[in-house]
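Shown next: final31.tsv, containing TSV, C-alpha atoms.
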```tsv
chain	number	residue	atom	x	y	z
A	1	MET	CA	0.00	0.00	0.00
A	2	ILE	CA	2.73	2.47	0.97
A	3	HIS	CA	4.72	1.69	-2.18
A	4	LEU	CA	1.62	2.14	-4.34
A	5	VAL	CA	0.85	5.50	-2.72
A	6	ARG	CA	4.43	6.65	-3.32
A	7	PHE	CA	4.27	5.42	-6.90
A	8	LYS	CA	1.03	7.27	-7.62
A	9	LEU	CA	2.23	10.48	-5.98
A	10	ALA	CA	5.52	10.35	-7.88
A	11	ALA	CA	3.73	9.78	-11.20
A	12	TYR	CA	1.35	12.66	-10.51
A	13	ALA	CA	4.18	14.98	-9.50
A	14	ARG	CA	6.10	14.20	-12.71
A	15	SER	CA	3.07	14.81	-14.90
A	16	HIS	CA	1.68	18.19	-15.90
A	17	ARG	CA	-1.70	17.35	-14.39
A	18	LEU	CA	-0.77	18.88	-11.03
A	19	LEU	CA	-0.30	22.29	-12.66
A	20	GLN	CA	-3.98	22.58	-13.57
A	21	PRO	CA	-5.51	22.51	-10.06
A	22	MET	CA	-2.54	24.46	-8.69
A	23	ILE	CA	-3.23	27.26	-11.17
A	24	GLY	CA	-6.89	27.17	-10.16
A	25	LEU	CA	-5.96	27.23	-6.46
A	26	THR	CA	-3.59	30.16	-6.99
A	27	ALA	CA	-6.19	32.12	-8.94
A	28	MET	CA	-8.86	31.59	-6.27
A	29	LEU	CA	-6.53	32.55	-3.42
A	30	ILE	CA	-5.52	35.72	-5.27
A	31	LEU	CA	-9.20	36.63	-5.60
A	32	PHE	CA	-9.92	35.79	-1.95
A	33	TYR	CA	-7.04	37.80	-0.53
A	34	SER	CA	-6.46	40.57	-3.08
A	35	THR	CA	-7.50	42.89	-0.25
A	36	LEU	CA	-6.74	42.32	3.42
A	37	ILE	CA	-9.47	40.59	5.41
A	38	PRO	CA	-10.45	42.87	8.33
A	39	PRO	CA	-9.98	41.64	11.92
A	40	GLY	CA	-12.83	39.42	13.10
A	41	SER	CA	-13.69	38.13	9.61
A	42	GLU	CA	-11.03	35.43	9.37
A	43	LEU	CA	-13.41	32.52	10.03
A	44	SER	CA	-15.97	33.67	7.45
A	45	SER	CA	-13.13	33.99	4.93
A	46	TYR	CA	-11.94	30.46	5.71
A	47	ALA	CA	-15.52	29.16	5.39
A	48	ASP	CA	-15.92	30.76	1.95
A	49	SER	CA	-12.53	29.42	0.90
A	50	ALA	CA	-13.41	25.89	2.01
A	51	GLY	CA	-16.72	25.98	0.17
A	52	LEU	CA	-15.36	27.27	-3.12
A	53	LEU	CA	-12.22	25.12	-3.16
A	54	ILE	CA	-14.21	21.88	-3.28
A	55	VAL	CA	-14.12	22.05	-7.07
A	56	ILE	CA	-10.32	22.51	-7.01
A	57	PHE	CA	-9.88	19.52	-4.72
A	58	ALA	CA	-12.15	17.48	-7.02
A	59	TRP	CA	-10.07	18.55	-10.02
A	60	ALA	CA	-6.85	17.48	-8.30
A	61	SER	CA	-8.34	14.14	-7.24
A	62	ARG	CA	-9.57	13.40	-10.75
A	63	GLY	CA	-6.20	14.35	-12.25
A	64	LEU	CA	-4.26	12.06	-9.93
A	65	LEU	CA	-6.55	9.09	-10.49
A	66	ASP	CA	-6.38	9.63	-14.26
A	67	THR	CA	-2.56	9.76	-14.37
A	68	GLU	CA	-2.22	5.99	-14.80
A	69	PRO	CA	-3.61	4.46	-18.03
A	70	PRO	CA	-5.91	1.43	-17.64
A	71	THR	CA	-3.12	-1.04	-18.41
A	72	GLN	CA	-0.93	0.40	-15.68
A	73	ARG	CA	-3.82	0.20	-13.22
A	74	LEU	CA	-4.18	-3.50	-14.04
A	75	ILE	CA	-0.45	-4.00	-13.42
A	76	SER	CA	-0.77	-2.19	-10.08
A	77	MET	CA	-3.74	-4.36	-9.12
A	78	THR	CA	-1.74	-7.49	-9.94
A	79	ALA	CA	1.23	-6.28	-7.91
A	80	ALA	CA	-1.10	-5.44	-5.00
A	81	ARG	CA	-2.75	-8.89	-5.24
A	82	GLY	CA	-6.22	-7.51	-5.86
A	83	PRO	CA	-8.11	-4.34	-6.72
A	84	VAL	CA	-8.95	-3.13	-3.20
A	85	ARG	CA	-5.41	-2.11	-2.26
A	86	GLU	CA	-4.83	-0.37	-5.57
A	87	ILE	CA	-8.12	1.51	-5.37
A	88	THR	CA	-7.52	2.47	-1.74
A	89	ALA	CA	-3.99	3.63	-2.56
A	90	GLY	CA	-5.41	5.91	-5.24
A	91	LEU	CA	-7.87	7.51	-2.82
A	92	ILE	CA	-5.18	7.94	-0.16
A	93	SER	CA	-2.87	9.55	-2.73
A	94	ALA	CA	-5.64	11.95	-3.76
A	95	LEU	CA	-6.27	12.85	-0.12
A	96	VAL	CA	-2.55	13.51	0.42
A	97	VAL	CA	-2.40	15.86	-2.57
A	98	ASN	CA	-5.50	17.69	-1.39
A	99	LEU	CA	-4.13	17.95	2.14
A	100	GLY	CA	-1.14	19.76	0.68
A	101	MET	CA	-3.36	22.13	-1.28
A	102	ALA	CA	-5.57	22.75	1.76
A	103	ALA	CA	-2.46	23.57	3.80
A	104	ILE	CA	-1.57	26.25	1.24
A	105	ALA	CA	-5.09	27.68	1.45
A	106	ILE	CA	-4.86	27.84	5.25
A	107	VAL	CA	-1.29	29.12	5.63
A	108	LEU	CA	-1.18	31.69	2.82
A	109	PRO	CA	-3.65	34.16	4.40
A	110	LEU	CA	-1.69	33.95	7.65
A	111	ILE	CA	1.31	35.27	5.73
A	112	HIS	CA	-0.57	37.72	3.52
A	113	GLY	CA	-4.34	38.01	3.52
A	114	PHE	CA	-5.49	38.63	7.07
A	115	ALA	CA	-5.06	42.08	8.58
A	116	ALA	CA	-4.62	40.37	11.97
A	117	MET	CA	-3.87	36.84	13.08
A	118	PRO	CA	-7.03	34.82	13.80
A	119	VAL	CA	-7.60	33.52	17.28
A	120	PRO	CA	-6.54	29.85	17.70
A	121	ALA	CA	-10.18	28.69	17.88
A	122	ASP	CA	-11.02	30.29	14.53
A	123	LEU	CA	-7.86	28.84	12.98
A	124	MET	CA	-8.86	25.35	14.13
A	125	ARG	CA	-12.39	25.82	12.78
A	126	GLY	CA	-10.93	26.96	9.47
A	127	ILE	CA	-8.74	23.86	9.33
A	128	GLY	CA	-11.76	21.69	10.09
A	129	LEU	CA	-13.82	23.26	7.30
A	130	HIS	CA	-11.03	22.71	4.78
A	131	LEU	CA	-10.79	19.06	5.86
A	132	LEU	CA	-14.51	18.69	5.16
A	133	SER	CA	-14.02	20.43	1.82
A	134	LEU	CA	-11.15	18.22	0.67
A	135	SER	CA	-13.04	15.07	1.72
A	136	VAL	CA	-16.04	16.03	-0.40
A	137	GLY	CA	-13.81	17.18	-3.27
A	138	THR	CA	-11.81	13.95	-3.27
A	139	ALA	CA	-14.99	11.88	-3.49
A	140	LEU	CA	-16.44	14.03	-6.28
A	141	GLY	CA	-13.19	13.89	-8.26
A	142	ALA	CA	-12.98	10.12	-7.87
A	143	LEU	CA	-16.51	9.66	-9.23
A	144	ALA	CA	-15.59	11.82	-12.24
A	145	SER	CA	-12.34	9.95	-12.95
A	146	ASN	CA	-11.56	8.12	-16.18
A	147	ALA	CA	-12.01	4.68	-14.65
A	148	ILE	CA	-15.67	5.55	-13.97
A	149	LEU	CA	-16.40	7.95	-16.86
A	150	PRO	CA	-14.14	7.22	-19.85
A	151	SER	CA	-15.35	10.26	-21.82
A	152	PRO	CA	-13.31	13.37	-20.86
A	153	ALA	CA	-16.21	15.65	-21.80
A	154	VAL	CA	-18.71	13.75	-19.64
A	155	SER	CA	-16.16	13.56	-16.85
A	156	MET	CA	-15.63	17.32	-16.73
A	157	LEU	CA	-19.39	17.91	-16.99
A	158	VAL	CA	-20.00	15.63	-14.01
A	159	LEU	CA	-17.22	17.26	-12.00
A	160	PHE	CA	-18.27	20.88	-12.48
A	161	GLY	CA	-21.96	20.09	-12.80
A	162	GLY	CA	-21.82	18.00	-9.65
A	163	TYR	CA	-20.24	20.87	-7.75
A	164	VAL	CA	-22.87	23.33	-8.97
A	165	ALA	CA	-25.59	20.83	-8.02
A	166	LEU	CA	-24.14	20.57	-4.50
A	167	LEU	CA	-24.21	24.36	-4.18
A	168	LEU	CA	-27.80	24.60	-5.41
A	169	ILE	CA	-29.05	21.77	-3.21
A	170	SER	CA	-27.40	23.35	-0.17
A	171	LEU	CA	-29.58	26.43	-0.78
A	172	THR	CA	-32.79	24.39	-0.45
A	173	PRO	CA	-34.58	23.29	2.75
A	174	VAL	CA	-32.94	19.85	2.44
A	175	GLY	CA	-29.49	21.43	2.26
A	176	ARG	CA	-28.52	20.38	5.76
A	177	PHE	CA	-29.06	16.75	4.75
A	178	SER	CA	-26.79	17.07	1.71
A	179	VAL	CA	-23.31	18.58	1.53
A	180	PRO	CA	-24.06	21.83	3.42
A	181	ILE	CA	-21.62	24.14	1.63
A	182	VAL	CA	-23.70	27.32	1.71
A	183	LEU	CA	-24.92	26.52	5.22
A	184	TRP	CA	-21.43	26.48	6.72
A	185	MET	CA	-20.65	29.73	4.89
A	186	ARG	CA	-23.75	31.35	6.36
A	187	ALA	CA	-23.09	29.98	9.83
A	188	ALA	CA	-19.54	31.36	9.80
A	189	ASN	CA	-20.68	34.77	8.57
A	190	GLU	CA	-23.46	34.91	11.18
A	191	LYS	CA	-21.06	33.82	13.97
A	192	VAL	CA	-23.13	30.72	14.82
A	193	LEU	CA	-20.78	28.07	13.41
A	194	ASP	CA	-20.02	26.47	16.79
A	195	GLY	CA	-23.57	25.27	17.32
A	196	ALA	CA	-24.12	24.24	13.71
A	197	LEU	CA	-20.75	22.63	12.98
A	198	PRO	CA	-21.36	19.11	14.40
A	199	GLY	CA	-24.45	18.56	12.26
A	200	LEU	CA	-22.93	20.16	9.17
A	201	ALA	CA	-19.74	18.13	9.54
A	202	ALA	CA	-21.68	14.89	9.99
A	203	ALA	CA	-23.66	15.51	6.79
A	204	ALA	CA	-20.58	16.45	4.74
A	205	LEU	CA	-18.55	13.47	5.98
A	206	PHE	CA	-21.45	11.08	5.39
A	207	TRP	CA	-21.76	12.07	1.75
A	208	ALA	CA	-18.00	12.11	1.24
A	209	ALA	CA	-17.74	8.59	2.66
A	210	ALA	CA	-20.74	7.44	0.60
A	211	GLY	CA	-19.14	8.82	-2.55
A	212	MET	CA	-15.87	7.03	-1.87
A	213	VAL	CA	-17.64	3.73	-1.10
A	214	PHE	CA	-19.64	4.05	-4.32
A	215	TYR	CA	-16.40	4.73	-6.21
A	216	VAL	CA	-14.75	1.63	-4.73
A	217	ARG	CA	-17.75	-0.54	-5.65
A	218	LEU	CA	-17.73	0.75	-9.21
A	219	ARG	CA	-13.98	0.34	-9.59
A	220	ARG	CA	-14.06	-3.27	-8.41
A	221	THR	CA	-16.19	-4.14	-11.45
A	222	ARG	CA	-13.85	-2.57	-14.01
A	223	PRO	CA	-10.08	-1.91	-14.49
```
Using structure tokens, write down the structure that the file contains.
Amino acid sequence: MIHLVRFKLAAYARSHRLLQPMIGLTAMLILFYSTLIPPGSELSSYADSAGLLIVIFAWASRGLLDTEPPTQRLISMTAARGPVREITAGLISALVVNLGMAAIAIVLPLIHGFAAMPVPADLMRGIGLHLLSLSVGTALGALASNAILPSPAVSMLVLFGGYVALLLISLTPVGRFSVPIVLWMRAANEKVLDGALPGLAAAALFWAAAGMVFYVRLRRTRP
């Protein structure tokens, strides 16, 4: 498993696929922090960042999982003595890449972006929201990967369309039972995130886990 994760990360790092989500991440962070965030608004800024970066995390996840051609995936499955380890290694690799990107999104405003340093509690909440975001993004990117959707056009449509659908659903009355992107943004802006966070986190993690399980089940039936 460890060797497979290293192999997948090394292949992704050597490819040009990593540049695409990194450019997207950089562009979004420039837009977020082109002007200094005033004191007291750090958590709402982190909440907005976490919500909007889901699509970047999904893009990175899809790119990593698509780095290996089908034949190479079959070789990896054979070396791992079955599909489960190879599939799991791919998801872990995608999570590692997204953890790195989330770290950039969290640390950068501390260097340049916030007019004042956030209190430790707000920093921890911001980290938690980005962890929810990358979990959802990784699952969405996996479901849009080449092994599930061979057509690049359909794959990109599902990735970006899926993200837009998540945003729209989170605006409806059933939003708290889906991935509550807009709800955690609102809660952070209204300073009521502490009370709402457990329920919002449970919903986001449930759907992220469900997406990954669905991906694993689909992958086990095809190379």
12 Å contact set for segment 29-41 of chain A, all atoms listed in the file, chain neighbours under 5 positions out, as a PyMOL selection string: chain A and resi 22-24+46-50+52-53+56+101-102+104-119+122-123+126+185+188-191
Residues within 7 Å of Ser178 of chain A, only C-alpha atoms, excluding chain neighbours under 3 positions, as an MDAnalysis selection string: chainID A and resid 170 174:175 203:204
Would you tabulate, counting all atoms listed in the file, all residues of segment 152-221 of chain A that have an atom at most 12 Å from an atom of segment 87-95 of chain A, showing the closest pair of atoms and their distance in Å to one decimal, sorted by chain then ascending number, as JSON lines?
```
{"residue": "A:Ala208", "atom": "CA", "partner": "A:Leu95", "partner_atom": "CA", "distance": 11.8}
{"residue": "A:Ala209", "atom": "CA", "partner": "A:Leu91", "partner_atom": "CA", "distance": 11.3}
{"residue": "A:Gly211", "atom": "CA", "partner": "A:Leu91", "partner_atom": "CA", "distance": 11.3}
{"residue": "A:Met212", "atom": "CA", "partner": "A:Leu91", "partner_atom": "CA", "distance": 8.1}
{"residue": "A:Val213", "atom": "CA", "partner": "A:Thr88", "partner_atom": "CA", "distance": 10.2}
{"residue": "A:Phe214", "atom": "CA", "partner": "A:Ile87", "partner_atom": "CA", "distance": 11.8}
{"residue": "A:Tyr215", "atom": "CA", "partner": "A:Ile87", "partner_atom": "CA", "distance": 8.9}
{"residue": "A:Val216", "atom": "CA", "partner": "A:Ile87", "partner_atom": "CA", "distance": 6.7}
{"residue": "A:Arg217", "atom": "CA", "partner": "A:Ile87", "partner_atom": "CA", "distance": 9.8}
{"residue": "A:Leu218", "atom": "CA", "partner": "A:Ile87", "partner_atom": "CA", "distance": 10.4}
{"residue": "A:Arg219", "atom": "CA", "partner": "A:Ile87", "partner_atom": "CA", "distance": 7.3}
{"residue": "A:Arg220", "atom": "CA", "partner": "A:Ile87", "partner_atom": "CA", "distance": 8.2}
{"residue": "A:Thr221", "atom": "CA", "partner": "A:Ile87", "partner_atom": "CA", "distance": 11.6}
```
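What separates atom CA of His3 of chain A from atom CA of Thr67 of chain A is a distance of 16.3 Å.
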Neighbour residues at most 12 Å from (-1.0, -4.1, -9.8) (only C-alpha atoms) as a count of residues only: 27
Distance of atom CA of Leu149 of chain A from atom CA of Val136 of chain A, expressed in Å to one decimal place: 18.3 Å
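For the residues A:Val97, A:Gly199, A:Leu143, A:Ala11, ranking by smallest atom-to-atom distance to Leu157 of chain A using all atoms listed in the file places A:Leu143 first.
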Gap from atom CA of Pro120 of chain A to atom CA of Met28 of chain A - Å, one decimal: 24.1 Å
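For Leu193 of chain A, the residues within 10 Å (counting all atoms listed in the file, excluding itself and residues fewer than 5 positions away along the chain) are Leu43, Ser44, Ala47, Arg125, Leu183, Trp184, Met185, Arg186, Ala187, Ala188, Pro198 and Leu200 of chain A.
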Any chance you could export the current selection's C-alpha atoms as a compact mmCIF listing (two decimals), keeping the file's coordinate frame?
```txt
# COMPACT_ATOMS: atom_id res chain seq x y z
CA LEU A 43 -13.41 32.52 10.03
CA SER A 44 -15.97 33.67 7.45
CA ALA A 47 -15.52 29.16 5.39
CA ARG A 125 -12.39 25.82 12.78
CA LEU A 183 -24.92 26.52 5.22
CA TRP A 184 -21.43 26.48 6.72
CA MET A 185 -20.65 29.73 4.89
CA ARG A 186 -23.75 31.35 6.36
CA ALA A 187 -23.09 29.98 9.83
CA ALA A 188 -19.54 31.36 9.80
CA PRO A 198 -21.36 19.11 14.40
CA LEU A 200 -22.93 20.16 9.17
```
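Checking A:Leu134, A:Thr26, A:Val5, A:Phe206 one by one against Phe177 of chain A, counting all atoms listed in the file, you find the shortest gap at A:Phe206.
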From A:Leu131, A:Ile54, A:Leu140, A:Ala27, residue lying nearest Ala201 of chain A [all atoms listed in the file]: A:Leu131
Padding 5 Å on each side, edges along x, y and z: where is the centre of the box around the listed atoms of segment 15-34 of chain A, and how long are its edges in Å to one decimal? Output it as JSON.
```
{"center_x": -3.4, "center_y": 27.7, "center_z": -8.2, "size_x": 23.0, "size_y": 35.8, "size_z": 25.4}
```
Selected residue of minimal separation from Tyr163 of chain A among A:Ala58, A:Leu99, A:Leu64, A:Met124, counting all atoms listed in the file: A:Ala58
